[in-house]
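**Q** Take a look at this one; I'll ask things after.
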Amino acid sequence: MQNLQGIINFKLHPIDDLNFYVKHCRSILQKNSILFLNNFLTEESLVNLQREAQILHNKAYYCSQNHNILLREKNIELDDKHPCNIEVFSDKGCVPYDLIPESSSLRIIYNSSFFKKFIQSLLSVKKVYPYADTLSSVNYNYYEKNQQLGWHFDNATFAISLMIQSPASGGSFQYVVNARNIEKNILDIKLIDSVLKNKYPVKELEIEEGAFVLFYGSNYLHRVTPVNSDKRRILVTLNYNLQKSIKLSENARLTFFGRTH
Ligand SMILES: O=C(O)CCC(=O)C(=O)O
Ligand SMILES: [Fe+2]
């Protein structure tokens with residue numbers, strides 16, 4: 001708690017106040033399926049993390065790939081033009097957990113029992129666990145000029161991130177609600193088709209530096225538009241599981257980090 005006070009802006013975001021503040025956040029999340037809290041990081045910790053991100057930048061592993069919205073193999077029972085088979089493009093750089101310094105405030109946030117209680121309470125789950133591999137728990141993500149993330153649904157139910165540096169132009173987070181309900185096994189193909197054809201008025205978020213974002217990524221169709229500035233987009237993902245001892249698949253580790261350990 002001592003350390004966390006200097007990192008998270010408790011005046012604006014009393015995340016230890018489970019009865020009032022967190023309850024309020026949870027109701028926003030339940031209503032909108034997304035929660036963003038601006039100025040979540042203190043100014044000092046934001047500056048420190050921006051500096052850390054610049055220092056680690058030359059260690060980032062860059063990957064690019066074509067994929068479909070479901071991040072799955074092509075479905076050969078459907079034709080190539082079916083929205084679930086249409087290929088989109090993604091490219092970004094990634095610094096894995098084992099390269100993040102021991103003293104980094106990201107590790108303090110991620111491992112803090114106060115922060116985990118906040119997340120558990122937001123999601124109404126008993127417990128969240130770190131990844132069991134050495135790479136996946138906390139990652140810096142870098143989007144250089146012209147880099148982007150194509151439309152997709154996440155495999156993980158929920159995604160938590162901290163915006164470290166916003167680009168001067170482009171790199172917006174766009175999303176569509178109600179395209180999928182994974183619990184009910186519903187996929188709105190017509191809606192997805194019109195999104196992929198740029199015919200649907202998608203929502204767009206300019207996420208501020210220092211903001212916390214949590215959303216239900218497996219039910220949200222989302223993308224990051226190409227960055228248009230030399231100022232790169234830098235974001236941290238805080239990755240938890242609902243079960244103990246889960247590793248990201250070897251294949252995914254190879255794709256995103258260029259190694260498995
Ligand atoms: O960079 C972002 O804002 C979103 C990242 C994302 O959707 C992902 O990594 O799956
Ligand atoms: Fe995603």
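We name chains A, B, ... following the order of the structure tokens; residues begin at 1 in each chain, and ligands are numbered from 1 as shown.
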What lies within 12 Å of A:Leu35 using only C-alpha atoms, ignoring chain neighbours under 6 positions off, as a list in words?

**A**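 Near neighbours after the sequence-gap exclusion: Val22, His24, Cys25, Arg26, Ser27, Ile28, Leu29, Ile119, Leu122, Leu123, Phe158, Ala159, Ile160, Ser161, Leu162, Leu205, Ile207, Ala211, Phe212, Val213, Leu214, Phe215, Tyr216 and Gly217 of chain A.
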
**Q** Those selected residues, please, written with C-alpha atoms and delivered as a PDB file, in the first residue's frame.

**A**
```pdb
ATOM      1  CA  VAL A  22     -15.166   0.257  -6.632  1.00  0.00           C
ATOM      2  CA  HIS A  24     -19.416   2.634  -8.641  1.00  0.00           C
ATOM      3  CA  CYS A  25     -16.713   1.507 -11.120  1.00  0.00           C
ATOM      4  CA  ARG A  26     -18.263  -1.961 -11.306  1.00  0.00           C
ATOM      5  CA  SER A  27     -21.650  -0.559 -12.202  1.00  0.00           C
ATOM      6  CA  ILE A  28     -20.071   1.459 -15.042  1.00  0.00           C
ATOM      7  CA  LEU A  29     -18.276  -1.660 -16.264  1.00  0.00           C
ATOM      8  CA  ILE A 119      -9.655  -6.131 -10.132  1.00  0.00           C
ATOM      9  CA  LEU A 122     -14.580  -5.099 -10.495  1.00  0.00           C
ATOM     10  CA  LEU A 123     -14.931  -8.437 -12.244  1.00  0.00           C
ATOM     11  CA  PHE A 158     -11.023  -9.390 -20.007  1.00  0.00           C
ATOM     12  CA  ALA A 159      -8.132  -7.063 -20.806  1.00  0.00           C
ATOM     13  CA  ILE A 160      -6.480  -4.558 -18.475  1.00  0.00           C
ATOM     14  CA  SER A 161      -4.138  -1.851 -19.721  1.00  0.00           C
ATOM     15  CA  LEU A 162      -2.376   1.367 -18.778  1.00  0.00           C
ATOM     16  CA  LEU A 205     -11.654   6.232 -27.727  1.00  0.00           C
ATOM     17  CA  ILE A 207      -7.163   7.021 -24.402  1.00  0.00           C
ATOM     18  CA  ALA A 211      -5.347   6.072 -17.993  1.00  0.00           C
ATOM     19  CA  PHE A 212      -6.458   2.644 -16.804  1.00  0.00           C
ATOM     20  CA  VAL A 213      -8.685   0.635 -19.158  1.00  0.00           C
ATOM     21  CA  LEU A 214     -10.542  -2.619 -18.489  1.00  0.00           C
ATOM     22  CA  PHE A 215     -12.859  -4.194 -21.027  1.00  0.00           C
ATOM     23  CA  TYR A 216     -14.425  -7.529 -21.940  1.00  0.00           C
ATOM     24  CA  GLY A 217     -12.269  -8.207 -25.007  1.00  0.00           C
TER      25      GLY A 217
END
```

**Q** At most 12 Å is the cut-off: for each residue in chain A with any atom that close to an atom of ligand 2, write down the nearest atom pair and the distance in Å rounded to one decimal, counting only C-alpha atoms and all ligand atoms, chain first then increasing number, as a tab-separated table.

**A**
```
residue	atom	partner	partner_atom_place_in_ligand_line	distance
A:Ile69	CA	ligand 2	1 (Fe)	10.0
A:Leu70	CA	ligand 2	1 (Fe)	10.5
A:Leu71	CA	ligand 2	1 (Fe)	10.0
A:Ser90	CA	ligand 2	1 (Fe)	10.7
A:Asn141	CA	ligand 2	1 (Fe)	11.8
A:Gln148	CA	ligand 2	1 (Fe)	11.4
A:Leu149	CA	ligand 2	1 (Fe)	8.0
A:Gly150	CA	ligand 2	1 (Fe)	9.0
A:Trp151	CA	ligand 2	1 (Fe)	8.3
A:His152	CA	ligand 2	1 (Fe)	6.4
A:Phe153	CA	ligand 2	1 (Fe)	6.1
A:Asp154	CA	ligand 2	1 (Fe)	4.8
A:Asn155	CA	ligand 2	1 (Fe)	8.2
A:Ala156	CA	ligand 2	1 (Fe)	8.6
A:Thr157	CA	ligand 2	1 (Fe)	10.1
A:Phe158	CA	ligand 2	1 (Fe)	9.2
A:Ala159	CA	ligand 2	1 (Fe)	7.4
A:Ile160	CA	ligand 2	1 (Fe)	10.1
A:Ser161	CA	ligand 2	1 (Fe)	10.5
A:Phe173	CA	ligand 2	1 (Fe)	9.8
A:Gln174	CA	ligand 2	1 (Fe)	10.6
A:Tyr175	CA	ligand 2	1 (Fe)	10.0
A:Val213	CA	ligand 2	1 (Fe)	12.0
A:Leu214	CA	ligand 2	1 (Fe)	11.1
A:Phe215	CA	ligand 2	1 (Fe)	9.4
A:Tyr216	CA	ligand 2	1 (Fe)	9.4
A:Gly217	CA	ligand 2	1 (Fe)	5.9
A:Ser218	CA	ligand 2	1 (Fe)	8.1
A:Asn219	CA	ligand 2	1 (Fe)	10.3
A:Tyr220	CA	ligand 2	1 (Fe)	8.5
A:Leu221	CA	ligand 2	1 (Fe)	8.2
A:His222	CA	ligand 2	1 (Fe)	6.4
A:Arg223	CA	ligand 2	1 (Fe)	6.9
A:Val224	CA	ligand 2	1 (Fe)	8.7
A:Thr237	CA	ligand 2	1 (Fe)	10.2
A:Asn239	CA	ligand 2	1 (Fe)	11.8
```

**Q** Would you mind telling me which residue in A:Arg232, A:Lys117, A:Lys59, A:His261 lies nearest to ligand 1 when using only C-alpha atoms and all ligand atoms?

**A**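 Ranking A:Arg232, A:Lys117, A:Lys59, A:His261 by distance to ligand 1, first place goes to A:Arg232.
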
**Q** Using only C-alpha atoms, which protein or nucleic acid residues come within 12 Å of A:Ser166? Drop anything in the same chain fewer than 2 positions from it, and give the result as a ChimeraX atom specification.

**A** /A:50,141-145,162-164,168-173,205-211,224,227-236

**Q** In Å, with one decimal, what is the gap from atom CA of A:Gln147 to atom CA of A:His67?

**A** 15.0 Å
